[in-house]
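Novice: This is upload32.txt, which holds compact mmCIF, C-alpha atoms:
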# COMPACT_ATOMS: atom_id res chain seq x y z
CA MET A 1 91.67 114.12 105.81
CA PHE A 2 92.91 117.71 106.02
CA ARG A 3 91.98 118.38 102.39
CA ALA A 4 88.51 116.88 102.81
CA PHE A 5 87.87 118.93 105.94
CA VAL A 6 88.79 122.27 104.42
CA THR A 7 87.39 121.77 100.89
CA GLY A 8 84.53 119.30 101.34
CA PHE A 9 86.04 117.18 98.54
CA THR A 10 86.48 113.54 99.61
CA GLY A 11 88.18 112.07 96.53
CA SER A 12 91.41 110.13 96.92
CA ALA A 13 93.60 112.54 94.94
CA GLY A 14 93.94 116.30 95.03
CA THR A 15 95.91 119.28 96.33
CA ALA A 16 94.46 122.41 97.91
CA ILE A 17 96.17 125.80 97.84
CA VAL A 18 94.85 128.73 99.88
CA THR A 19 96.14 132.30 99.62
CA GLU A 20 94.81 135.60 100.95
CA LYS A 21 92.58 135.95 97.89
CA ASP A 22 92.14 132.48 96.39
CA ALA A 23 91.21 128.92 97.31
CA LEU A 24 91.98 126.32 94.65
CA LEU A 25 91.80 122.56 94.33
CA TRP A 26 93.77 120.54 91.78
CA THR A 27 92.45 117.09 90.92
CA ASP A 28 92.35 114.78 87.90
CA GLY A 29 89.60 113.79 85.49
CA ARG A 30 88.26 111.05 87.70
CA TYR A 31 86.97 113.64 90.14
CA TYR A 32 85.87 116.71 88.15
CA LEU A 33 82.19 115.97 88.72
CA GLN A 34 82.57 114.94 92.35
CA ALA A 35 84.65 117.98 93.24
CA THR A 36 82.17 120.31 91.54
CA GLU A 37 79.31 118.81 93.55
CA GLN A 38 81.11 118.74 96.90
CA MET A 39 82.90 122.11 96.97
CA ASP A 40 81.13 125.42 97.57
CA SER A 41 81.57 128.69 95.69
CA ASN A 42 84.66 129.67 97.70
CA TRP A 43 86.71 127.12 95.77
CA THR A 44 88.02 127.10 92.22
CA LEU A 45 88.47 123.69 90.58
CA MET A 46 91.78 123.31 88.71
CA LYS A 47 91.32 120.47 86.24
CA GLU A 48 94.59 118.55 86.01
CA GLY A 49 95.21 116.92 82.66
CA ILE A 50 93.73 119.79 80.65
CA PRO A 51 96.47 121.71 78.77
CA SER A 52 95.18 125.11 79.86
CA THR A 53 95.39 124.24 83.56
CA PRO A 54 98.65 125.47 85.11
CA THR A 55 100.58 123.24 87.48
CA GLN A 56 100.61 124.20 91.13
CA GLY A 57 104.17 125.46 90.84
CA CYS A 58 103.39 127.60 87.78
CA TRP A 59 100.30 129.08 89.42
CA LEU A 60 102.20 129.96 92.60
CA ALA A 61 105.10 131.46 90.65
CA LYS A 62 102.75 133.63 88.58
CA ASN A 63 100.20 134.75 91.17
CA LEU A 64 102.21 135.39 94.34
CA PRO A 65 104.34 138.49 94.94
CA SER A 66 108.05 137.93 94.35
CA GLY A 67 109.82 136.43 97.34
CA SER A 68 106.69 134.95 98.90
CA ARG A 69 106.82 132.23 101.53
CA VAL A 70 104.66 129.19 100.81
CA GLY A 71 103.78 127.18 103.90
CA VAL A 72 103.54 123.40 103.48
CA ASP A 73 102.97 120.69 106.07
CA PRO A 74 106.11 118.53 105.62
CA ASN A 75 104.40 115.55 107.26
CA ILE A 76 101.99 115.13 104.35
CA TYR A 77 104.26 116.26 101.49
CA THR A 78 106.81 113.79 100.18
CA TYR A 79 110.48 114.40 99.48
CA HIS A 80 109.76 113.57 95.83
CA MET A 81 107.14 116.34 95.65
CA TRP A 82 108.95 118.89 97.80
CA MET A 83 112.33 119.09 96.07
CA PRO A 84 111.24 119.91 92.48
CA LEU A 85 108.57 122.36 93.67
CA GLN A 86 111.11 124.12 95.87
CA SER A 87 113.57 124.40 92.98
CA GLN A 88 110.89 125.66 90.58
CA LEU A 89 109.64 128.37 92.92
CA GLU A 90 113.10 129.60 93.88
CA ALA A 91 114.24 129.77 90.26
CA ALA A 92 111.11 131.41 88.88
CA SER A 93 110.28 134.06 91.46
CA GLY A 94 112.38 133.73 94.56
CA HIS A 95 109.57 132.06 96.48
CA LYS A 96 110.50 129.80 99.37
CA LEU A 97 108.80 126.64 100.62
CA VAL A 98 108.46 126.81 104.39
CA PRO A 99 107.88 123.64 106.44
CA ILE A 100 105.25 124.63 108.98
CA THR A 101 105.39 123.15 112.46
CA LYS A 102 101.62 123.21 113.00
CA ASN A 103 99.08 122.55 110.30
CA LEU A 104 96.56 125.41 110.37
CA ILE A 105 93.73 122.94 109.84
CA ASP A 106 94.46 121.53 113.29
CA ALA A 107 93.48 124.88 114.79
CA LEU A 108 90.09 124.68 113.07
CA TRP A 109 89.37 120.96 113.26
CA THR A 110 88.68 120.74 116.97
CA GLU A 111 86.75 117.47 116.62
CA ARG A 112 89.30 115.66 114.48
CA PRO A 113 89.10 111.91 115.23
CA PRO A 114 92.22 110.31 116.71
CA ARG A 115 94.53 108.18 114.58
CA PRO A 116 93.22 104.59 114.57
CA THR A 117 95.17 102.07 116.64
CA ASN A 118 93.42 98.83 115.76
CA ALA A 119 94.80 95.40 116.59
CA VAL A 120 97.76 94.15 114.56
CA ARG A 121 97.69 90.42 113.79
CA PRO A 122 100.37 88.01 112.55
CA LEU A 123 99.89 86.45 109.13
CA GLY A 124 100.98 82.81 109.22
CA ALA A 125 103.47 81.04 106.99
CA GLU A 126 100.60 79.24 105.27
CA PHE A 127 99.78 82.64 103.71
CA THR A 128 103.20 84.32 103.45
CA GLY A 129 105.48 81.47 102.40
CA ARG A 130 108.55 83.34 103.62
CA SER A 131 109.84 84.25 107.07
CA VAL A 132 110.68 87.73 108.30
CA ALA A 133 114.28 86.59 108.85
CA ASP A 134 114.63 85.55 105.21
CA LYS A 135 113.21 88.86 104.00
CA LEU A 136 115.49 90.84 106.31
CA ALA A 137 118.55 88.96 105.04
CA ALA A 138 117.70 89.89 101.45
CA VAL A 139 117.12 93.54 102.41
CA ARG A 140 120.39 93.77 104.34
CA ALA A 141 122.34 92.39 101.41
CA GLN A 142 121.10 95.28 99.28
CA MET A 143 121.83 97.75 102.09
CA LYS A 144 125.42 96.52 102.18
CA ASP A 145 125.77 96.95 98.42
CA LYS A 146 124.70 100.59 98.72
CA ASN A 147 126.71 101.36 101.88
CA ALA A 148 123.46 102.12 103.72
CA ARG A 149 123.95 102.09 107.47
CA PHE A 150 120.21 101.90 108.01
CA LEU A 151 117.02 101.75 105.98
CA ILE A 152 113.85 103.66 106.88
CA LEU A 153 110.52 102.15 105.82
CA THR A 154 107.52 104.47 105.78
CA ALA A 155 105.17 102.83 103.25
CA LEU A 156 102.63 100.87 105.28
CA ASP A 157 102.19 98.08 102.72
CA GLU A 158 105.97 97.52 102.68
CA ILE A 159 106.04 97.22 106.48
CA ALA A 160 103.09 94.83 106.61
CA TRP A 161 104.67 92.59 103.96
CA LEU A 162 108.14 92.61 105.52
CA LEU A 163 106.94 91.77 109.04
CA ASN A 164 104.16 89.34 108.00
CA LEU A 165 101.65 91.42 109.94
CA ARG A 166 98.24 92.78 109.04
CA GLY A 167 96.09 95.56 110.47
CA SER A 168 93.04 97.68 109.74
CA ASP A 169 94.00 101.27 110.59
CA ILE A 170 93.05 102.47 107.09
CA ALA A 171 89.67 101.46 105.73
CA TYR A 172 89.79 98.71 103.10
CA ASN A 173 93.56 98.26 103.54
CA PRO A 174 95.22 95.56 105.71
CA VAL A 175 97.85 97.93 107.11
CA PHE A 176 98.67 99.69 110.38
CA PHE A 177 100.32 103.04 111.18
CA SER A 178 103.99 102.40 111.79
CA TYR A 179 107.60 102.96 110.77
CA VAL A 180 110.46 100.47 110.61
CA VAL A 181 114.20 101.16 110.69
CA ILE A 182 116.51 98.31 109.71
CA HIS A 183 120.16 98.06 110.70
CA GLN A 184 122.53 95.23 109.80
CA ASP A 185 122.16 93.57 113.21
CA SER A 186 118.75 94.76 114.41
CA PHE A 187 115.53 96.51 113.51
CA THR A 188 113.13 98.84 115.30
CA VAL A 189 109.36 99.03 114.88
CA PHE A 190 107.58 102.28 115.73
CA LEU A 191 103.88 101.93 116.51
CA ASP A 192 101.32 102.78 119.15
CA ALA A 193 101.86 101.05 122.49
CA LYS A 194 98.31 99.64 122.41
CA GLN A 195 99.20 97.73 119.25
CA ALA A 196 102.43 96.23 120.62
CA SER A 197 100.69 93.13 121.99
CA ASN A 198 102.37 90.02 123.37
CA GLU A 199 101.13 88.18 120.30
CA LEU A 200 102.94 90.66 118.05
CA ARG A 201 106.15 90.47 120.09
CA GLN A 202 106.12 86.67 120.09
CA HIS A 203 105.54 86.66 116.34
CA LEU A 204 108.50 88.96 115.66
CA THR A 205 110.73 86.98 118.03
CA LYS A 206 109.89 83.73 116.28
CA GLU A 207 109.88 85.04 112.71
CA SER A 208 112.85 87.41 112.73
CA GLY A 209 115.31 85.25 114.61
CA GLY A 210 117.24 88.34 115.62
CA LYS A 211 117.38 91.49 117.68
CA PHE A 212 114.54 93.98 117.53
CA GLU A 213 112.84 96.63 119.64
CA ILE A 214 109.49 98.39 119.64
CA GLN A 215 109.29 102.13 120.27
CA PRO A 216 106.38 104.60 120.36
CA TYR A 217 105.14 105.74 116.96
CA GLU A 218 106.05 109.40 117.56
CA GLU A 219 109.66 108.58 118.48
CA ILE A 220 110.72 108.04 114.87
CA PHE A 221 111.87 111.66 114.49
CA ASN A 222 114.07 111.63 117.60
CA TYR A 223 115.44 108.25 116.53
CA ILE A 224 116.47 109.53 113.10
CA ARG A 225 118.02 112.67 114.58
CA HIS A 226 120.12 110.56 116.96
CA HIS A 227 121.24 108.01 114.38
CA THR A 228 122.29 110.60 111.79
CA LEU A 229 124.79 112.19 114.18
CA ASN A 230 128.32 111.35 112.97
CA LEU A 231 126.80 109.10 110.32
CA GLU A 232 129.17 107.34 107.94
CA GLY A 233 127.68 106.00 104.76
CA PHE A 234 124.03 106.52 103.87
CA ALA A 235 120.62 106.56 105.46
CA TRP A 236 118.31 104.97 102.89
CA SER A 237 114.74 106.20 102.57
CA SER A 238 112.17 106.13 99.81
CA GLU A 239 111.73 109.40 97.94
CA ASN A 240 108.05 108.98 98.80
CA ALA A 241 108.77 109.36 102.51
CA SER A 242 107.62 112.62 104.08
CA PHE A 243 109.87 115.65 103.75
CA ALA A 244 109.59 116.02 107.54
CA LEU A 245 111.46 112.74 107.91
CA THR A 246 113.97 112.96 105.06
CA SER A 247 114.91 116.55 105.96
CA LEU A 248 116.40 115.25 109.21
CA ILE A 249 119.11 113.44 107.23
CA PRO A 250 122.08 115.49 105.97
CA ALA A 251 121.87 115.73 102.19
CA LYS A 252 125.25 114.09 101.62
CA HIS A 253 124.14 111.06 103.64
CA LEU A 254 120.63 110.70 102.20
CA LEU A 255 119.97 107.90 99.73
CA ALA A 256 116.48 108.75 98.46
CA GLU A 257 115.34 106.02 96.12
CA ILE A 258 112.99 103.06 95.96
CA THR A 259 113.55 100.66 98.85
CA PRO A 260 114.20 96.95 98.24
CA ILE A 261 110.71 95.95 99.39
CA PRO A 262 108.47 96.86 96.39
CA LEU A 263 110.49 94.74 93.96
CA MET A 264 110.81 91.90 96.46
CA LYS A 265 107.09 91.70 97.12
CA ALA A 266 106.28 92.05 93.42
CA VAL A 267 107.86 88.63 92.79
CA LYS A 268 105.40 86.21 94.36
CA ASN A 269 106.58 82.98 95.92
CA SER A 270 104.58 79.81 95.31
CA THR A 271 102.51 80.26 98.48
CA GLU A 272 101.61 83.85 97.62
CA ALA A 273 100.77 82.90 94.01
CA LYS A 274 98.51 80.10 95.21
CA GLY A 275 96.83 82.51 97.63
CA MET A 276 96.16 85.03 94.87
CA ARG A 277 94.52 82.34 92.75
CA ASN A 278 92.46 81.07 95.68
CA ALA A 279 91.29 84.59 96.53
CA HIS A 280 90.07 85.16 92.98
CA LEU A 281 88.31 81.82 92.86
CA LYS A 282 86.49 82.56 96.11
CA ASP A 283 85.63 86.08 95.05
CA GLY A 284 84.41 84.86 91.69
CA ALA A 285 82.12 82.38 93.43
CA ALA A 286 80.72 85.17 95.62
CA LEU A 287 80.04 87.33 92.56
CA CYS A 288 78.31 84.45 90.76
CA CYS A 289 76.09 83.92 93.79
CA TYR A 290 75.26 87.62 93.93
CA PHE A 291 74.38 88.00 90.26
CA ALA A 292 72.31 84.80 90.32
CA TRP A 293 70.43 86.12 93.36
CA LEU A 294 70.01 89.52 91.70
CA GLU A 295 68.68 88.01 88.49
CA LYS A 296 66.13 86.04 90.49
CA ASN A 297 64.98 88.92 92.69
CA VAL A 298 65.49 92.15 90.74
CA GLU A 299 61.97 92.28 89.35
CA SER A 300 60.58 92.65 92.86
CA GLY A 301 61.64 96.30 92.71
CA THR A 302 62.85 96.20 96.32
CA ILE A 303 66.59 95.86 95.68
CA THR A 304 68.51 99.13 95.70
CA GLU A 305 72.11 100.14 95.10
CA ILE A 306 72.86 99.95 98.83
CA SER A 307 70.97 96.74 99.62
CA GLY A 308 72.57 95.11 96.59
CA ALA A 309 76.06 96.04 97.78
CA ASP A 310 75.22 94.73 101.25
CA LYS A 311 74.04 91.42 99.79
CA LEU A 312 77.25 91.07 97.80
CA GLU A 313 79.26 91.49 100.99
CA GLU A 314 77.12 88.78 102.63
CA PHE A 315 78.11 86.35 99.87
CA ARG A 316 81.77 87.27 100.23
CA ALA A 317 81.60 86.74 103.99
CA GLN A 318 80.63 83.11 103.36
CA GLN A 319 84.06 82.47 101.82
CA ALA A 320 87.02 81.25 103.88
CA ASP A 321 89.43 83.86 105.28
CA PHE A 322 87.31 86.82 104.19
CA VAL A 323 88.42 90.09 105.83
CA GLY A 324 86.26 92.73 104.15
CA PRO A 325 85.78 94.71 100.92
CA SER A 326 88.96 96.00 99.29
CA PHE A 327 87.25 99.32 98.44
CA PRO A 328 83.73 100.76 98.76
CA THR A 329 81.49 98.85 96.37
CA ILE A 330 80.49 100.91 93.35
CA SER A 331 76.89 99.77 93.04
CA SER A 332 75.41 102.17 90.51
CA VAL A 333 72.24 102.41 88.46
CA GLY A 334 71.76 104.41 85.26
CA PRO A 335 73.47 107.84 85.32
CA HIS A 336 75.26 106.94 88.56
CA GLY A 337 77.37 104.52 86.53
CA ALA A 338 79.00 107.50 84.83
CA ILE A 339 80.29 108.85 88.16
CA ILE A 340 83.79 107.50 88.72
CA HIS A 341 84.17 105.97 92.19
CA TYR A 342 80.46 106.46 92.87
CA GLN A 343 79.41 105.20 96.29
CA PRO A 344 75.67 105.03 96.98
CA GLN A 345 74.41 107.08 99.92
CA PRO A 346 70.94 107.09 101.49
CA GLU A 347 70.13 110.34 99.71
CA THR A 348 71.24 108.98 96.30
CA ASP A 349 70.12 105.35 96.64
CA VAL A 350 67.79 104.15 93.87
CA PRO A 351 66.26 100.76 92.95
CA ILE A 352 68.04 98.34 90.63
CA THR A 353 65.68 97.57 87.74
CA THR A 354 65.64 95.59 84.51
CA SER A 355 65.14 98.74 82.44
CA THR A 356 68.37 100.54 83.36
CA VAL A 357 72.05 99.71 83.20
CA TYR A 358 73.49 98.43 86.47
CA LEU A 359 77.25 98.75 87.07
CA CYS A 360 78.86 96.89 89.96
CA ASP A 361 82.59 97.37 90.60
CA SER A 362 83.89 95.73 93.75
CA GLY A 363 86.65 93.71 95.36
CA GLY A 364 87.41 91.65 98.44
CA GLN A 365 90.19 91.35 100.98
CA TYR A 366 91.05 87.80 102.01
CA ARG A 367 93.90 86.65 104.20
CA ASP A 368 95.44 84.92 101.19
CA GLY A 369 94.89 87.63 98.58
CA THR A 370 93.02 90.67 97.33
CA THR A 371 90.72 91.20 94.36
Mind turning the file's structure into structure tokens?
Specialist:
Amino acid sequence: MFRAFVTGFTGSAGTAIVTEKDALLWTDGRYYLQATEQMDSNWTLMKEGIPSTPTQGCWLAKNLPSGSRVGVDPNIYTYHMWMPLQSQLEAASGHKLVPITKNLIDALWTERPPRPTNAVRPLGAEFTGRSVADKLAAVRAQMKDKNARFLILTALDEIAWLLNLRGSDIAYNPVFFSYVVIHQDSFTVFLDAKQASNELRQHLTKESGGKFEIQPYEEIFNYIRHHTLNLEGFAWSSENASFALTSLIPAKHLLAEITPIPLMKAVKNSTEAKGMRNAHLKDGAALCCYFAWLEKNVESGTITEISGADKLEEFRAQQADFVGPSFPTISSVGPHGAIIHYQPQPETDVPITTSTVYLCDSGGQYRDGTT
């Protein structure tokens, strides 16, 4: 959101660097055209993937005066990204990465929307096939093997899977803003008080079979500070956690590597596998209905990229346990089909005809699976 506000570029991947003289955006080949169209003349596009384009670290090392301080918001920069960049800058030119306490964009973005706090709902055993208690037992066994006194989960998909909960805080994703810290005899969930409903508490009580507590979302930092005092063993956190969080843990006690959850959830149980198949069957039926309808009605000349996408969602909504699209439907006619991640807007919307290529790339979220 910060990058989109300051650059105008709304693609899903990119890094902006602003100095006294320059404003640059690095992004990959998927977004060269989009970035060129969305950014104004103040910005220089740095095309990642082209040999002549320097990395961010190389550009900073070459173009800043020796011993410069480079401010970075540690809340949106991961440990995995921070550490090698810090080493590169210090070795090459004596630059220093500085974790800023207030993102400068906040001072400009006076109308920034608040963080969503939508309802969080339990996902039943008929969809998950495995209880929270069973998942926690498997996680704790791996924690014991690594002498990890506690495990910090920051990836929202890992938390949703572990707790058998689903949300909608991020568009097209069934997740909710939260953290989870797991100890051998308890676990703590950090989320907004408005989301800590009685339904959620009852679900965790029933599913976990153990001790847990719910704390405010913002308390995660104080919690980590407190629990790393006189720590013996390790605090385990993914290297993709924010540097703001991992920097609170003394280096000798930090275990920064993939958590147990991604590999656990990659191996589907029979219920999950059945759900994935069912989701694809339902989604396939919706697509067949849409293309049959389109074939019948396209010659009317009244169907456009947007109305076509809306009709496709109508067909999906007729299927059981439909939640919503899994990403914005890429409904594109002619040259628009060459724009990666194209999303039709009122000002770009054109009719679907029989004389031009029509590309439709889409997916659906269902309670039992995603396409």
Novice: Quick one: residues within 12 Å of Thr259 in chain A, all atoms listed in the file, excluding same-chain residues fewer than 5 positions away - as a ChimeraX atom specification?
Specialist: /A:138-140,142-143,146,148,150-155,158-159,162,181-182,235-241,264-265
Novice: Taking only residues of range 270-361 of chain A that have an atom at most 12 Å from an atom of range 7-26 of chain A, what is each one's shortest atom pair and its distance in Å to one decimal, using only C-alpha atoms, in chain and number order, as JSON lines?
Specialist:
{"residue": "A:Phe327", "atom": "CA", "partner": "A:Ser12", "partner_atom": "CA", "distance": 11.7}
{"residue": "A:Ile339", "atom": "CA", "partner": "A:Gly11", "partner_atom": "CA", "distance": 11.9}
{"residue": "A:Ile340", "atom": "CA", "partner": "A:Gly11", "partner_atom": "CA", "distance": 10.1}
{"residue": "A:His341", "atom": "CA", "partner": "A:Gly11", "partner_atom": "CA", "distance": 8.5}
{"residue": "A:Tyr342", "atom": "CA", "partner": "A:Gly11", "partner_atom": "CA", "distance": 10.2}
{"residue": "A:Gln343", "atom": "CA", "partner": "A:Gly11", "partner_atom": "CA", "distance": 11.1}
Novice: Could you pull the residues within 12 Å of Ala266 in chain A, counting all atoms listed in the file, minus those fewer than 6 positions along the same chain, as a ChimeraX atom specification?
Specialist: /A:157-158,161,260,272-273
Novice: Go ahead and dump the residues you just picked, C-alpha atoms, as a PDB file, in the coordinates of the input.
Specialist:
ATOM      1  CA  ASP A 157     102.190  98.080 102.720  1.00  0.00           C
ATOM      2  CA  GLU A 158     105.970  97.520 102.680  1.00  0.00           C
ATOM      3  CA  TRP A 161     104.670  92.590 103.960  1.00  0.00           C
ATOM      4  CA  PRO A 260     114.200  96.950  98.240  1.00  0.00           C
ATOM      5  CA  GLU A 272     101.610  83.850  97.620  1.00  0.00           C
ATOM      6  CA  ALA A 273     100.770  82.900  94.010  1.00  0.00           C
TER       7      ALA A 273
END
Novice: Which one is closest to Gln195 in chain A: A:Ala119, A:Leu254, A:Ile214, A:Leu245? Count all atoms listed in the file.
Specialist: A:Ala119
Novice: For the atom pair CA of Leu165 in chain A and CA of Thr117 in chain A, what is the interatomic distance in Å to one decimal place?
Specialist: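 Between CA of Leu165 in chain A and CA of Thr117 in chain A the gap is 14.2 Å.
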Novice: By how many Å are CA of Glu218 in chain A and CA of Thr246 in chain A apart?
Specialist: 15.2 Å
Novice: Pick the closest to His80 in chain A from A:Asn269, A:Ser247, A:Thr329, A:Thr353: which is it, counting all atoms listed in the file?
Specialist: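 Comparing A:Asn269, A:Ser247, A:Thr329, A:Thr353 against His80 in chain A, the winner is A:Ser247.
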Novice: Rank A:Val6, A:Leu281, A:Ala141, A:Ala244 by their smallest atom-to-atom distance to Trp82 in chain A, using only C-alpha atoms, and report the top residue only.
Specialist: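 Among the listed residues, A:Ala244 lies closest to Trp82 in chain A.
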Novice: So what do you get for CA of Arg225 in chain A versus CA of Gly210 in chain A, distance-wise?
Specialist: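 According to the coordinates, CA of Arg225 in chain A and CA of Gly210 in chain A are separated by 24.4 Å.
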Novice: Show me, as a tab-separated table (two decimals) with C-alpha atoms, in the frame of the given file, the residues that have an atom within 9 Å of Gly209 in chain A when counting all atoms listed in the file, minus same-chain residues fewer than 3 positions from it.
Specialist:
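New file around_8.tsv:
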chain	number	residue	atom	x	y	z
A	132	VAL	CA	110.68	87.73	108.30
A	133	ALA	CA	114.28	86.59	108.85
A	204	LEU	CA	108.50	88.96	115.66
A	205	THR	CA	110.73	86.98	118.03
A	206	LYS	CA	109.89	83.73	116.28
Novice: List the spatial neighbours of Phe176 in chain A as a list of chain:residue names - criterion: any atom at most 8 Å away, only C-alpha atoms, same-chain residues fewer than 6 positions off excluded.
Specialist: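 These residues fall inside the cut-off: A:Thr117, A:Asn118, A:Val120, A:Leu156, A:Ala160, A:Arg166, A:Gly167, A:Ser168, A:Asp169, A:Ile170.
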Novice: Is it possible to add N, CA and C atoms to range 162-174 of chain A and hand it back as a PDB file, in the frame of the given file?
Specialist:
ATOM      1  N   LEU A 162     106.856  92.994 104.944  1.00  0.00           N
ATOM      2  CA  LEU A 162     108.140  92.610 105.520  1.00  0.00           C
ATOM      3  C   LEU A 162     107.963  91.852 106.834  1.00  0.00           C
ATOM      4  N   LEU A 163     107.081  92.334 107.689  1.00  0.00           N
ATOM      5  CA  LEU A 163     106.940  91.770 109.040  1.00  0.00           C
ATOM      6  C   LEU A 163     105.875  90.676 109.124  1.00  0.00           C
ATOM      7  N   ASN A 164     105.229  90.356 107.997  1.00  0.00           N
ATOM      8  CA  ASN A 164     104.160  89.340 108.000  1.00  0.00           C
ATOM      9  C   ASN A 164     103.105  89.672 109.057  1.00  0.00           C
ATOM     10  N   LEU A 165     102.675  90.931 109.021  1.00  0.00           N
ATOM     11  CA  LEU A 165     101.650  91.420 109.940  1.00  0.00           C
ATOM     12  C   LEU A 165     100.551  92.099 109.138  1.00  0.00           C
ATOM     13  N   ARG A 166      99.357  92.105 109.685  1.00  0.00           N
ATOM     14  CA  ARG A 166      98.240  92.780 109.040  1.00  0.00           C
ATOM     15  C   ARG A 166      97.451  93.579 110.062  1.00  0.00           C
ATOM     16  N   GLY A 167      96.876  94.700 109.594  1.00  0.00           N
ATOM     17  CA  GLY A 167      96.090  95.560 110.470  1.00  0.00           C
ATOM     18  C   GLY A 167      94.865  96.080 109.750  1.00  0.00           C
ATOM     19  N   SER A 168      94.241  97.105 110.340  1.00  0.00           N
ATOM     20  CA  SER A 168      93.040  97.680 109.740  1.00  0.00           C
ATOM     21  C   SER A 168      92.901  99.160 110.105  1.00  0.00           C
ATOM     22  N   ASP A 169      94.034  99.857 110.209  1.00  0.00           N
ATOM     23  CA  ASP A 169      94.000 101.270 110.590  1.00  0.00           C
ATOM     24  C   ASP A 169      93.452 102.165 109.480  1.00  0.00           C
ATOM     25  N   ILE A 170      93.582 101.723 108.232  1.00  0.00           N
ATOM     26  CA  ILE A 170      93.050 102.470 107.090  1.00  0.00           C
ATOM     27  C   ILE A 170      91.963 101.625 106.446  1.00  0.00           C
ATOM     28  N   ALA A 171      90.801 102.207 106.269  1.00  0.00           N
ATOM     29  CA  ALA A 171      89.670 101.460 105.730  1.00  0.00           C
ATOM     30  C   ALA A 171      90.022 100.775 104.418  1.00  0.00           C
ATOM     31  N   TYR A 172      89.627  99.524 104.306  1.00  0.00           N
ATOM     32  CA  TYR A 172      89.790  98.710 103.100  1.00  0.00           C
ATOM     33  C   TYR A 172      91.239  98.324 102.815  1.00  0.00           C
ATOM     34  N   ASN A 173      92.149  98.593 103.735  1.00  0.00           N
ATOM     35  CA  ASN A 173      93.560  98.260 103.540  1.00  0.00           C
ATOM     36  C   ASN A 173      94.074  97.493 104.764  1.00  0.00           C
ATOM     37  N   PRO A 174      94.779  96.382 104.573  1.00  0.00           N
ATOM     38  CA  PRO A 174      95.220  95.560 105.710  1.00  0.00           C
ATOM     39  C   PRO A 174      96.543  96.042 106.314  1.00  0.00           C
TER      40      PRO A 174
END
